[in-house]
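Everything below belongs to start_15.csv, which stores CSV, C-alpha atoms.
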```csv
chain,number,residue,atom,x,y,z
C,1,MET,CA,152.2,52.0,197.0
C,2,GLN,CA,148.7,52.3,195.7
C,3,GLN,CA,148.7,56.0,196.7
C,4,LEU,CA,152.0,56.5,194.9
C,5,VAL,CA,150.6,55.1,191.7
C,6,ARG,CA,147.5,57.3,192.1
C,7,GLU,CA,149.5,60.5,192.6
C,8,PHE,CA,151.6,59.6,189.6
C,9,THR,CA,148.7,58.8,187.2
C,10,LYS,CA,146.5,61.7,188.1
C,11,GLY,CA,148.8,64.1,186.3
C,12,LEU,CA,148.6,62.0,183.2
C,13,TRP,CA,144.9,62.4,182.5
C,14,ALA,CA,142.6,63.5,185.4
C,15,GLU,CA,144.6,66.6,186.2
C,16,LEU,CA,146.5,67.2,183.0
C,17,PRO,CA,148.2,70.5,183.8
C,18,PRO,CA,147.6,72.7,180.7
C,19,PHE,CA,144.4,71.1,179.4
C,20,ARG,CA,142.5,70.4,182.6
C,21,LEU,CA,143.9,72.6,185.3
C,22,VAL,CA,144.7,75.4,182.7
C,23,LEU,CA,148.2,75.9,184.3
C,24,GLY,CA,151.3,77.1,182.6
C,25,LEU,CA,149.8,78.5,179.5
C,26,CYS,CA,152.6,80.8,178.4
C,27,PRO,CA,155.2,78.0,177.6
C,28,THR,CA,152.3,75.8,176.3
C,29,LEU,CA,151.5,78.4,173.7
C,30,ALA,CA,155.0,79.7,173.0
C,31,VAL,CA,157.2,76.7,172.4
C,32,THR,CA,154.8,74.4,170.6
C,33,LYS,CA,155.7,75.5,167.0
C,34,THR,CA,157.1,72.0,166.6
C,35,ALA,CA,156.7,68.7,168.4
C,36,ASP,CA,160.4,68.7,169.1
C,37,ASN,CA,160.3,72.0,171.0
C,38,GLY,CA,157.3,70.9,173.0
C,39,LEU,CA,159.0,67.7,174.0
C,40,GLY,CA,162.2,69.5,175.0
C,41,MET,CA,160.4,72.1,177.0
C,42,GLY,CA,158.4,69.4,178.7
C,43,LEU,CA,161.4,67.4,179.7
C,44,ALA,CA,163.1,70.5,181.2
C,45,VAL,CA,159.9,71.0,183.2
C,46,VAL,CA,159.9,67.4,184.3
C,47,PHE,CA,163.4,67.8,185.7
C,48,VAL,CA,162.6,71.0,187.5
C,49,LEU,CA,159.2,70.0,188.8
C,50,ALA,CA,160.3,66.6,190.1
C,51,LEU,CA,163.4,67.9,191.9
C,52,SER,CA,161.7,71.0,193.2
C,53,ASN,CA,158.9,68.9,194.6
C,54,VAL,CA,161.4,66.5,196.3
C,55,LEU,CA,163.5,69.4,197.7
C,56,ILE,CA,160.5,71.4,199.0
C,57,SER,CA,158.9,68.4,200.6
C,58,THR,CA,162.2,67.6,202.3
C,59,VAL,CA,162.5,71.0,203.9
C,60,ARG,CA,158.8,71.7,204.3
C,61,HIS,CA,158.9,71.6,208.1
C,62,ILE,CA,161.9,74.0,208.3
C,63,ILE,CA,160.4,76.8,206.1
C,64,PRO,CA,158.5,79.4,208.1
C,65,LYS,CA,155.0,79.8,206.7
C,66,GLU,CA,155.3,83.5,206.0
C,67,VAL,CA,158.2,83.3,203.6
C,68,ARG,CA,157.4,80.0,202.0
C,69,ILE,CA,156.6,81.4,198.5
C,70,VAL,CA,160.0,83.1,198.3
C,71,CYS,CA,161.7,79.9,199.5
C,72,PHE,CA,159.9,77.9,196.8
C,73,ILE,CA,160.9,80.5,194.2
C,74,ALA,CA,164.5,80.4,195.3
C,75,ILE,CA,164.6,76.5,195.1
C,76,SER,CA,163.0,76.3,191.7
C,77,ALA,CA,165.1,79.2,190.4
C,78,SER,CA,168.3,77.3,191.4
C,79,LEU,CA,167.0,74.2,189.5
C,80,VAL,CA,166.2,76.3,186.5
C,81,VAL,CA,169.7,77.7,186.4
C,82,ALA,CA,170.9,74.1,186.5
C,83,VAL,CA,168.7,73.3,183.6
C,84,GLU,CA,169.9,76.3,181.6
C,85,LEU,CA,173.5,75.4,182.1
C,86,LEU,CA,172.8,71.7,181.2
C,87,MET,CA,171.0,72.7,178.1
C,88,GLN,CA,173.7,75.2,177.1
C,89,ALA,CA,176.2,72.3,177.4
C,90,TYR,CA,174.3,69.4,175.8
C,91,ALA,CA,171.4,70.8,173.8
C,92,TYR,CA,172.4,74.2,172.6
C,93,PRO,CA,170.2,74.3,169.4
C,94,LEU,CA,167.1,73.5,171.6
C,95,TYR,CA,168.2,76.1,174.1
C,96,GLN,CA,168.3,78.7,171.4
C,97,GLN,CA,165.0,77.6,170.0
C,98,LEU,CA,163.2,77.9,173.3
C,99,GLY,CA,164.8,81.4,173.9
C,100,ILE,CA,163.6,83.2,177.0
C,101,PHE,CA,161.2,80.5,177.9
C,102,VAL,CA,163.9,78.5,179.5
C,103,PRO,CA,164.6,81.0,182.3
C,104,LEU,CA,160.9,81.6,182.4
C,105,ILE,CA,160.3,78.1,183.7
C,106,VAL,CA,160.8,79.7,187.0
C,107,VAL,CA,157.6,81.6,186.8
C,108,ASN,CA,155.7,78.7,185.3
C,109,CYS,CA,152.6,78.3,187.5
C,110,VAL,CA,152.8,74.5,187.3
C,111,ILE,CA,156.0,74.5,189.5
C,112,LEU,CA,154.8,77.0,192.1
C,113,GLY,CA,151.3,75.6,192.0
C,114,ARG,CA,152.4,72.0,192.7
C,115,ALA,CA,154.9,73.2,195.4
C,116,GLU,CA,152.1,75.1,197.2
C,117,ALA,CA,149.3,72.6,196.7
C,118,PHE,CA,151.2,69.3,197.1
C,119,ALA,CA,154.8,69.3,198.0
C,120,ALA,CA,154.4,71.6,201.0
C,121,LYS,CA,151.9,69.2,202.5
C,122,ASN,CA,153.1,65.7,201.5
C,123,GLY,CA,156.0,63.3,202.0
C,124,VAL,CA,159.0,63.1,199.8
C,125,LEU,CA,158.1,60.0,197.8
C,126,LEU,CA,154.5,61.1,197.2
C,127,SER,CA,155.8,64.5,196.0
C,128,LEU,CA,158.3,62.9,193.7
C,129,ALA,CA,155.4,60.8,192.2
C,130,ASP,CA,153.3,63.9,191.9
C,131,GLY,CA,156.1,65.9,190.3
C,132,LEU,CA,156.9,63.2,187.8
C,133,GLY,CA,153.3,62.6,186.9
C,134,MET,CA,152.5,66.3,186.4
C,135,GLY,CA,155.7,66.8,184.5
C,136,LEU,CA,155.0,63.9,182.1
C,137,GLY,CA,151.4,65.1,181.7
C,138,PHE,CA,152.8,68.6,180.8
C,139,THR,CA,155.3,67.0,178.4
C,140,MET,CA,152.5,64.9,176.7
C,141,SER,CA,150.3,67.9,176.3
C,142,LEU,CA,153.0,70.1,174.9
C,143,THR,CA,154.1,67.4,172.5
C,144,PHE,CA,150.6,66.8,171.4
C,145,LEU,CA,149.9,70.5,170.8
C,146,GLY,CA,153.3,70.9,169.1
C,147,GLY,CA,152.6,67.9,166.9
C,148,LEU,CA,149.2,69.2,165.9
C,149,ARG,CA,150.5,72.6,165.0
C,150,GLU,CA,153.5,71.2,163.2
C,151,LEU,CA,151.4,68.8,161.2
C,152,PHE,CA,149.0,71.4,159.9
C,153,GLY,CA,151.4,74.4,160.0
C,154,SER,CA,154.3,72.9,158.1
C,155,GLY,CA,153.2,69.4,157.1
C,156,THR,CA,155.9,67.6,159.2
C,157,LEU,CA,156.0,65.7,162.4
C,158,PHE,CA,159.2,65.7,164.5
C,159,GLY,CA,160.8,67.3,161.4
C,160,MET,CA,159.8,64.4,159.0
C,161,PRO,CA,157.3,65.2,156.2
C,162,VAL,CA,154.1,63.2,156.7
C,163,MET,CA,151.4,64.9,154.7
C,164,TRP,CA,150.5,63.9,151.1
C,165,GLU,CA,152.3,65.5,148.2
C,166,GLY,CA,150.9,68.9,147.2
C,167,PHE,CA,149.7,69.6,150.7
C,168,LYS,CA,149.6,73.4,151.3
C,169,PRO,CA,150.5,74.1,154.9
C,170,PHE,CA,148.3,76.5,156.9
C,171,THR,CA,151.1,78.9,158.0
C,172,ILE,CA,148.8,80.5,160.5
C,173,MET,CA,149.0,77.4,162.7
C,174,VAL,CA,152.7,78.0,163.5
C,175,GLU,CA,152.0,81.7,164.2
C,176,ALA,CA,150.6,83.1,167.4
C,177,PRO,CA,146.9,83.0,166.4
C,178,GLY,CA,147.1,79.3,165.6
C,179,ALA,CA,148.5,78.6,169.1
C,180,PHE,CA,145.6,80.4,170.8
C,181,ILE,CA,142.9,78.8,168.6
C,182,CYS,CA,144.3,75.3,168.7
C,183,LEU,CA,144.6,75.4,172.5
C,184,GLY,CA,141.0,76.8,172.8
C,185,LEU,CA,139.7,74.0,170.6
C,186,ILE,CA,141.5,71.4,172.6
C,187,LEU,CA,140.2,72.8,175.9
C,188,ALA,CA,136.7,72.8,174.4
C,189,GLY,CA,137.2,69.2,173.4
C,190,MET,CA,138.3,68.2,176.9
C,191,ASN,CA,135.2,69.9,178.4
C,192,ALA,CA,132.9,68.1,175.9
C,193,LEU,CA,134.6,64.8,176.6
C,194,GLY,CA,134.3,65.4,180.4
C,195,ALA,CA,130.6,66.2,180.1
C,196,TRP,CA,130.0,63.2,177.8
C,197,GLN,CA,131.7,60.8,180.3
C,198,ALA,CA,129.7,62.2,183.2
C,199,ARG,CA,126.4,61.8,181.3
C,200,ARG,CA,127.3,58.2,180.5
C,201,LYS,CA,128.0,57.4,184.1
C,202,LYS,CA,124.8,59.4,185.0
C,203,GLN,CA,126.8,61.8,187.3
C,204,ALA,CA,126.4,65.5,187.5
C,205,VAL,CA,128.2,67.3,184.7
C,206,PRO,CA,131.4,68.7,186.1
C,207,ALA,CA,131.9,72.4,186.3
C,208,VAL,CA,133.6,73.9,183.2
C,209,SER,CA,137.1,74.9,184.0
C,210,SER,CA,137.2,78.5,185.0
C,211,GLY,CA,140.6,79.4,183.6
C,212,CYS,CA,141.8,81.4,186.6
C,213,ALA,CA,143.3,78.4,188.3
C,214,CYS,CA,146.7,79.7,187.0
C,215,CYS,CA,147.3,82.4,189.5
C,216,GLY,CA,145.3,81.2,192.5
C,217,GLY,CA,144.4,84.7,193.2
C,218,CYS,CA,140.7,84.1,192.8
C,219,GLN,CA,140.0,86.7,195.4
C,220,SER,CA,141.3,89.6,193.2
C,221,CYS,CA,139.4,88.5,190.1
C,222,GLU,CA,136.2,87.2,191.4
C,223,GLY,CA,135.8,89.2,194.5
C,224,ARG,CA,135.4,92.5,192.6
C,225,LYS,CA,132.3,91.5,190.7
T,1,MET,CA,162.2,108.3,165.0
T,2,ASP,CA,163.9,105.2,166.4
T,3,VAL,CA,162.2,105.6,169.7
T,4,PHE,CA,158.9,106.1,168.1
T,5,GLU,CA,159.3,102.9,166.1
T,6,LEU,CA,160.4,101.0,169.2
T,7,PHE,CA,157.3,102.2,171.0
T,8,ILE,CA,154.9,101.3,168.2
T,9,SER,CA,156.4,98.0,167.5
T,10,ALA,CA,156.4,97.0,171.2
T,11,ILE,CA,152.7,98.0,171.6
T,12,PHE,CA,151.2,96.7,168.4
T,13,VAL,CA,153.6,94.6,166.2
T,14,ASN,CA,155.3,92.6,168.9
T,15,ASN,CA,152.5,92.8,171.5
T,16,ILE,CA,153.7,91.1,174.6
T,17,VAL,CA,150.6,89.0,175.0
T,18,LEU,CA,149.4,88.4,171.5
T,19,ALA,CA,152.7,88.0,169.6
T,20,GLN,CA,155.2,87.0,172.3
T,21,TYR,CA,152.9,84.8,174.5
T,22,LEU,CA,153.9,86.4,177.8
T,23,GLY,CA,151.6,87.0,180.7
T,24,ASN,CA,148.7,84.8,179.5
T,25,CYS,CA,147.6,83.8,183.0
T,26,PRO,CA,146.4,87.3,184.0
T,27,TYR,CA,145.3,87.9,180.5
T,28,LEU,CA,142.8,85.1,180.7
T,29,GLY,CA,142.3,85.2,184.5
T,30,CYS,CA,141.7,88.9,185.1
T,31,SER,CA,139.7,89.9,182.1
T,32,ARG,CA,136.2,89.3,183.4
T,33,ASP,CA,135.3,92.9,183.7
T,34,LYS,CA,136.8,96.2,182.6
T,35,GLY,CA,137.4,97.6,186.1
T,36,THR,CA,139.6,94.7,187.2
T,37,ALA,CA,141.4,94.7,183.8
T,38,ILE,CA,142.3,98.4,184.2
T,39,GLY,CA,143.5,97.9,187.8
T,40,MET,CA,145.6,94.9,186.8
T,41,GLY,CA,146.9,96.8,183.8
T,42,PHE,CA,148.1,99.8,185.8
T,43,ALA,CA,149.7,97.5,188.4
T,44,VAL,CA,151.6,95.7,185.7
T,45,VAL,CA,152.8,98.9,184.0
T,46,PHE,CA,154.1,100.1,187.4
T,47,VAL,CA,155.8,96.9,188.4
T,48,ILE,CA,157.3,96.2,184.9
T,49,ILE,CA,158.9,99.6,184.9
T,50,MET,CA,160.3,99.3,188.4
T,51,ALA,CA,161.4,95.8,187.8
T,52,THR,CA,163.2,96.7,184.6
T,53,LEU,CA,165.0,99.6,186.3
T,54,CYS,CA,166.1,97.4,189.2
T,55,THR,CA,167.2,94.4,187.2
T,56,TRP,CA,169.0,96.6,184.7
T,57,TYR,CA,171.1,98.1,187.5
T,58,MET,CA,171.6,94.6,189.0
T,59,GLN,CA,172.8,93.2,185.7
T,60,HIS,CA,175.2,96.1,184.9
T,61,SER,CA,176.5,96.8,188.4
T,62,VAL,CA,176.7,93.4,189.9
T,63,LEU,CA,176.3,90.5,187.5
T,64,VAL,CA,178.4,91.7,184.5
T,65,PRO,CA,181.4,93.2,186.5
T,66,PHE,CA,181.7,90.0,188.6
T,67,GLY,CA,181.2,87.6,185.8
T,68,LEU,CA,178.0,86.1,187.3
T,69,GLY,CA,175.9,86.2,184.2
T,70,TYR,CA,174.8,82.6,184.7
T,71,LEU,CA,173.0,83.6,187.9
T,72,GLN,CA,170.7,86.0,186.0
T,73,THR,CA,167.6,83.9,186.4
T,74,ILE,CA,167.8,83.4,190.1
T,75,VAL,CA,168.9,87.0,190.8
T,76,PHE,CA,166.2,88.5,188.6
T,77,ILE,CA,163.3,86.5,190.1
T,78,LEU,CA,164.4,87.3,193.7
T,79,VAL,CA,164.8,91.0,192.9
T,80,ILE,CA,161.3,91.0,191.3
T,81,ALA,CA,159.8,89.1,194.3
T,82,GLY,CA,161.5,91.4,196.8
T,83,LEU,CA,160.5,94.5,194.8
T,84,VAL,CA,156.8,93.5,194.6
T,85,GLN,CA,156.8,92.9,198.3
T,86,PHE,CA,158.4,96.2,199.0
T,87,VAL,CA,156.1,98.1,196.6
T,88,GLU,CA,153.2,96.6,198.4
T,89,MET,CA,154.4,97.6,201.8
T,90,PHE,CA,155.3,101.1,200.6
T,91,LEU,CA,152.0,101.8,199.0
T,92,LYS,CA,150.1,100.5,202.0
T,93,LYS,CA,151.9,102.9,204.3
T,94,MET,CA,152.4,105.9,202.1
T,95,VAL,CA,149.7,106.0,199.4
T,96,PRO,CA,146.7,104.2,200.7
T,97,PRO,CA,144.4,105.2,197.9
T,98,LEU,CA,146.7,103.7,195.3
T,99,TYR,CA,147.1,100.6,197.5
T,100,ALA,CA,143.3,100.3,197.6
T,101,ALA,CA,143.2,100.4,193.8
T,102,LEU,CA,146.2,98.2,193.0
T,103,GLY,CA,147.1,96.3,196.2
T,104,ILE,CA,145.2,93.1,195.6
T,105,PHE,CA,146.9,92.6,192.2
T,106,LEU,CA,150.4,93.0,193.4
T,107,PRO,CA,151.0,89.6,195.0
T,108,LEU,CA,150.0,87.9,191.7
T,109,ILE,CA,152.4,89.9,189.7
T,110,THR,CA,155.5,88.1,191.0
T,111,THR,CA,154.6,85.1,189.0
T,112,ASN,CA,153.5,87.0,185.9
T,113,CYS,CA,155.9,86.0,183.3
T,114,ALA,CA,155.5,89.3,181.5
T,115,VAL,CA,157.5,91.1,184.2
T,116,MET,CA,160.4,88.6,184.2
T,117,GLY,CA,160.1,88.3,180.4
T,118,VAL,CA,160.6,92.0,179.8
T,119,ALA,CA,163.5,92.1,182.3
T,120,ILE,CA,165.3,89.3,180.4
T,121,LEU,CA,164.3,90.5,176.9
T,122,VAL,CA,165.9,94.0,177.4
T,123,GLN,CA,169.1,92.2,178.5
T,124,ARG,CA,169.1,89.9,175.5
T,125,GLU,CA,168.6,92.8,173.2
T,126,GLU,CA,171.3,94.7,175.0
T,127,TYR,CA,169.3,98.0,175.3
T,128,ASP,CA,170.8,100.9,177.3
T,129,LEU,CA,168.9,102.1,180.4
T,130,VAL,CA,166.7,104.7,178.6
T,131,THR,CA,165.8,102.4,175.8
T,132,SER,CA,165.1,99.6,178.3
T,133,LEU,CA,162.7,101.8,180.3
T,134,LEU,CA,161.0,103.0,177.1
T,135,TYR,CA,160.6,99.4,175.9
T,136,ALA,CA,159.2,98.4,179.4
T,137,LEU,CA,156.7,101.2,179.2
T,138,ALA,CA,155.6,100.3,175.7
T,139,ALA,CA,155.4,96.6,176.4
T,140,SER,CA,153.4,97.1,179.5
T,141,PHE,CA,151.0,99.5,177.7
T,142,GLY,CA,150.6,96.7,175.1
T,143,PHE,CA,149.7,94.3,177.8
T,144,MET,CA,147.2,96.7,179.2
T,145,LEU,CA,145.7,97.3,175.8
T,146,ALA,CA,145.2,93.6,175.1
T,147,LEU,CA,143.8,93.1,178.6
T,148,VAL,CA,141.3,95.9,178.5
T,149,LEU,CA,140.2,95.0,174.9
T,150,MET,CA,139.7,91.4,176.0
T,151,ALA,CA,137.7,92.5,179.1
T,152,GLY,CA,135.5,94.6,176.8
T,153,ILE,CA,134.8,91.7,174.5
T,154,ARG,CA,134.1,89.3,177.4
T,155,GLU,CA,131.6,91.7,179.0
T,156,ARG,CA,129.7,91.7,175.7
T,157,LEU,CA,130.0,87.9,175.6
T,158,GLU,CA,128.1,87.5,178.9
T,159,THR,CA,124.8,88.1,177.1
T,160,CYS,CA,125.6,85.7,174.2
T,161,ARG,CA,124.8,82.0,174.0
T,162,VAL,CA,128.1,80.2,173.9
T,163,PRO,CA,128.1,76.3,173.5
T,164,ARG,CA,128.5,74.7,176.9
T,165,ALA,CA,131.8,73.1,176.2
T,166,MET,CA,133.3,76.4,174.9
T,167,ALA,CA,132.2,78.5,177.8
T,168,GLY,CA,134.9,80.1,179.9
T,169,THR,CA,138.6,79.6,178.9
T,170,PRO,CA,138.1,77.9,175.5
T,171,ILE,CA,136.1,80.8,174.0
T,172,ALA,CA,138.5,83.3,175.6
T,173,LEU,CA,141.5,81.6,174.0
T,174,ILE,CA,139.8,81.6,170.6
T,175,MET,CA,139.0,85.3,170.9
T,176,ALA,CA,142.6,85.8,171.9
T,177,GLY,CA,143.5,84.0,168.7
T,178,LEU,CA,141.3,86.3,166.6
T,179,MET,CA,142.7,89.3,168.3
T,180,SER,CA,146.2,88.1,167.7
T,181,LEU,CA,145.3,87.6,164.0
T,182,ALA,CA,144.1,91.2,163.9
T,183,PHE,CA,147.3,92.5,165.6
T,184,MET,CA,149.3,90.6,162.9
T,185,ALA,CA,148.0,93.2,160.5
T,186,PHE,CA,150.2,95.8,162.2
T,187,LYS,CA,153.3,93.9,161.0
T,188,GLY,CA,153.6,96.0,157.9
T,189,MET,CA,153.9,99.2,160.0
T,190,THR,CA,157.6,98.8,160.9
T,191,SER,CA,160.5,97.8,158.7
```
Write out the structure in this file as structure tokens.
Amino acid sequence: MQQLVREFTKGLWAELPPFRLVLGLCPTLAVTKTADNGLGMGLAVVFVLALSNVLISTVRHIIPKEVRIVCFIAISASLVVAVELLMQAYAYPLYQQLGIFVPLIVVNCVILGRAEAFAAKNGVLLSLADGLGMGLGFTMSLTFLGGLRELFGSGTLFGMPVMWEGFKPFTIMVEAPGAFICLGLILAGMNALGAWQARRKKQAVPAVSSGCACCGGCQSCEGRK
Amino acid sequence: MDVFELFISAIFVNNIVLAQYLGNCPYLGCSRDKGTAIGMGFAVVFVIIMATLCTWYMQHSVLVPFGLGYLQTIVFILVIAGLVQFVEMFLKKMVPPLYAALGIFLPLITTNCAVMGVAILVQREEYDLVTSLLYALAASFGFMLALVLMAGIRERLETCRVPRAMAGTPIALIMAGLMSLAFMAFKGMTS
């Protein structure tokens, strides 16, 4: 039970996917023009991630090691198709807003990363807890970034005006540069916070996130130096 | 003229990384030095063109005639995964020098959303085969341009004093933001 809670909560702060592990950056940057879109995308990812973790950990002993990545991709792709059809049926405006990033959930590194790093090695319940925790962490991060960009970029939050009268929105925040710069500042903030906490507890300052956690192919990037 | 405009707009105005947010993982992960960036860039150009060709035929000879459009996502990703695997084996056997240069990047490309993204984009825009291939070529050149520019800047940055909390990904993201700001200036170039 304790372990279940631990696997669930680690995704919410200690291993927050986009901000700590630097996973799944493309949807994080692309769909966070508004808090609504971030929330919608996050919930779609929760659905796919939790179910794909459960399915993969159920069949983890049957899949041959050599073809496991393709099997993981096939499983998550089927779930993504299900999400696409559900969204077309029940949330069509959101589906149009998110555009090609709904089918692209399939290549979101969070899904494959958790399948490979967790679900392929752990039991069904633990994998479910991990998937839900990571998914909710992803949703929180996207909603936060979306809220921030929406607040400064158009002066609203979840579509409601919240800024004072005469507030001139910084249009750049809802454009591509705003996304990159906002995320960069948030990551820097997370690093500074981590270093401050470590100093207060008199531990060694943790290594700054390297940013290539996304692809897992460290060999190809680092090995060439 | 149309082709020229498509080309320019796909490379500069709607740059796949800086304006359409695709392929950010390799953009940030493989831009440590210029050699790696160029290798990755060529591997992506190669795979995007092949993948667009295969998925275009898949869409128009299987999915559309049999009314299976809703299976697009799953079919495309499996085609791309299979294609990448096949290209890797083919290069290893037939063109070892090319494999030595690009081989290590190929496995990563399956999960590069730029490849899947271009394949889906050309279907949504309903381009014909030639236009699709041209768009794929231009988009992947745009990716390579952004990647190589980024690698160039990051090499210079090695000698600079960056605040500790900003080192690594955060500063790279902020530079990406500034680059994207610069690329926004191309918006006036196409109507």
**Sphere at (155.2, 97.7, 197.3), radius 12 Å, counting only C-alpha atoms: residues as number ranges by chain** = T: 43, 46-47, 50-51, 80-96, 98-99, 102-107, 109-110
**Request:** May I have the residues within 12 Å of Gly188 (chain T) as a list in words, using only C-alpha atoms and disregarding those fewer than 4 positions away in the same chain?
**Result:**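 My reading of the contact set: Ile8, Ser9, Phe12, Val13, Asn14, Phe183 and Met184 of chain T.
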**Prompt:** If you measure from CA of Leu22 (chain T) to CA of Leu128 (chain C), what distance in Å do you get, rounded to one decimal?
**Reply:** 28.7 Å
**Asked** In Å, with one decimal, what is the gap from CA of Tyr70 (chain T) to CA of Glu66 (chain C)?
**Response** 28.9 Å
**Request:** Check the smallest atom-to-atom distance from each of C:Ala188, C:Val110, C:Leu148, C:Val174 to Leu23 (chain C) using only C-alpha atoms, then report the winner.
**Result:**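 The answer is C:Val110, which sits nearest to Leu23 (chain C).
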Using all atoms listed in the file, what does the table of chain T residues within 7 Å of chain C look like, with each row giving the shortest atom pair and its distance in Å to one decimal, sorted by chain and ascending number, as JSON lines?
```
{"residue": "T:Leu18", "atom": "CA", "partner": "C:Ala176", "partner_atom": "CA", "distance": 6.8}
{"residue": "T:Ala19", "atom": "CA", "partner": "C:Ala176", "partner_atom": "CA", "distance": 5.8}
{"residue": "T:Tyr21", "atom": "CA", "partner": "C:Cys26", "partner_atom": "CA", "distance": 5.6}
{"residue": "T:Leu22", "atom": "CA", "partner": "C:Cys26", "partner_atom": "CA", "distance": 5.8}
{"residue": "T:Gly23", "atom": "CA", "partner": "C:Cys26", "partner_atom": "CA", "distance": 6.7}
{"residue": "T:Asn24", "atom": "CA", "partner": "C:Cys26", "partner_atom": "CA", "distance": 5.7}
{"residue": "T:Cys25", "atom": "CA", "partner": "C:Cys214", "partner_atom": "CA", "distance": 5.8}
{"residue": "T:Leu28", "atom": "CA", "partner": "C:Gly211", "partner_atom": "CA", "distance": 6.8}
{"residue": "T:Gly29", "atom": "CA", "partner": "C:Cys212", "partner_atom": "CA", "distance": 4.4}
{"residue": "T:Cys30", "atom": "CA", "partner": "C:Cys221", "partner_atom": "CA", "distance": 5.5}
{"residue": "T:Thr36", "atom": "CA", "partner": "C:Cys221", "partner_atom": "CA", "distance": 6.8}
{"residue": "T:Leu71", "atom": "CA", "partner": "C:Val81", "partner_atom": "CA", "distance": 6.9}
{"residue": "T:Thr73", "atom": "CA", "partner": "C:Pro103", "partner_atom": "CA", "distance": 5.8}
{"residue": "T:Ile74", "atom": "CA", "partner": "C:Ala77", "partner_atom": "CA", "distance": 5.0}
{"residue": "T:Ile104", "atom": "CA", "partner": "C:Ser220", "partner_atom": "CA", "distance": 5.8}
{"residue": "T:Phe105", "atom": "CA", "partner": "C:Ser220", "partner_atom": "CA", "distance": 6.4}
{"residue": "T:Leu108", "atom": "CA", "partner": "C:Cys215", "partner_atom": "CA", "distance": 6.5}
{"residue": "T:Thr111", "atom": "CA", "partner": "C:Val107", "partner_atom": "CA", "distance": 5.1}
{"residue": "T:Asn112", "atom": "CA", "partner": "C:Val107", "partner_atom": "CA", "distance": 6.8}
{"residue": "T:Cys113", "atom": "CA", "partner": "C:Val107", "partner_atom": "CA", "distance": 5.9}
{"residue": "T:Ala165", "atom": "CA", "partner": "C:Ala192", "partner_atom": "CA", "distance": 5.1}
{"residue": "T:Met166", "atom": "CA", "partner": "C:Ala188", "partner_atom": "CA", "distance": 5.0}
{"residue": "T:Gly168", "atom": "CA", "partner": "C:Ser210", "partner_atom": "CA", "distance": 5.8}
{"residue": "T:Thr169", "atom": "CA", "partner": "C:Gly211", "partner_atom": "CA", "distance": 5.1}
{"residue": "T:Pro170", "atom": "CA", "partner": "C:Gly184", "partner_atom": "CA", "distance": 4.1}
{"residue": "T:Ile171", "atom": "CA", "partner": "C:Gly184", "partner_atom": "CA", "distance": 6.4}
{"residue": "T:Leu173", "atom": "CA", "partner": "C:Gly184", "partner_atom": "CA", "distance": 5.0}
{"residue": "T:Ile174", "atom": "CA", "partner": "C:Ile181", "partner_atom": "CA", "distance": 4.6}
{"residue": "T:Ala176", "atom": "CA", "partner": "C:Phe180", "partner_atom": "CA", "distance": 6.3}
{"residue": "T:Gly177", "atom": "CA", "partner": "C:Pro177", "partner_atom": "CA", "distance": 4.2}
{"residue": "T:Leu178", "atom": "CA", "partner": "C:Pro177", "partner_atom": "CA", "distance": 6.5}
{"residue": "T:Ser180", "atom": "CA", "partner": "C:Pro177", "partner_atom": "CA", "distance": 5.3}
{"residue": "T:Leu181", "atom": "CA", "partner": "C:Pro177", "partner_atom": "CA", "distance": 5.4}
```
**Request:** Would you please work out which residue, of T:Pro97, T:Lys34, T:Ala114, T:Met175, is nearest to Gly142 (chain T) when using only C-alpha atoms?
**Result:**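 Nearest to Gly142 (chain T): T:Ala114.
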**Message:** As an exercise, work out the distance from CA of Ala138 (chain T) to CA of Val45 (chain T) in Å and give it to one decimal place.
**Reply:**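 Separation of CA of Ala138 (chain T) and CA of Val45 (chain T): 8.9 Å.
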**Prompt:** Which residue out of T:Leu129, T:Ile38, T:Leu6, T:Leu68 has the minimum interatomic distance to Trp56 (chain T) when all atoms listed in the file are used?
**Reply:**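 Nearest to Trp56 (chain T): T:Leu129.
Counting all atoms listed in the file, the residue from C:Leu49, C:Gln197, C:Val59, C:Glu15 that sits nearest to Ala120 (chain C) is C:Val59.
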**Request:** Check the smallest atom-to-atom distance from each of T:Ala100, T:Leu53, T:Val118, T:Ala37 to Leu149 (chain T) using all atoms listed in the file, then report the winner.
**Result:**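 Among the listed residues, the smallest separation from Leu149 (chain T) belongs to T:Ala37.
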**Request:** Can you pull out every residue within 8 Å of Leu4 (chain C), counting all atoms listed in the file, but drop anything in the same chain fewer than 6 positions away, and send it as number ranges by chain?
**Result:** C: 125-126, 129
Kindly save the residues from that selection, with C-alpha atoms included, as a PDB file, in the coordinates of the input.
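Resulting contents of part-v6.pdb:
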```
ATOM      1  CA  LEU C 125     158.100  60.000 197.800  1.00  0.00           C
ATOM      2  CA  LEU C 126     154.500  61.100 197.200  1.00  0.00           C
ATOM      3  CA  ALA C 129     155.400  60.800 192.200  1.00  0.00           C
TER       4      ALA C 129
END
```
**Request:** Would you please work out which residue, of T:Val62, T:Val122, T:Val148, T:Ala101, is nearest to Ile48 (chain T) when using only C-alpha atoms?
**Result:**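 Under the stated criterion, the closest residue is T:Val122.
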Using all atoms of region 137-142 of chain C listed in the file and a margin of 3 Å per side, can you give the axis-aligned box centre and edge lengths in Å to one decimal, as AutoDock Vina command-line options?
```
--center_x 152.8 --center_y 67.5 --center_z 178.3 --size_x 11.0 --size_y 11.2 --size_z 12.8
```
**Message:** List as a ChimeraX atom specification the residues having at least one atom at most 9 Å from position (159.6, 67.3, 186.2) as given in the file, counting all atoms listed in the file.
**Reply:** /C:42-53,111,128,131-136,138-139
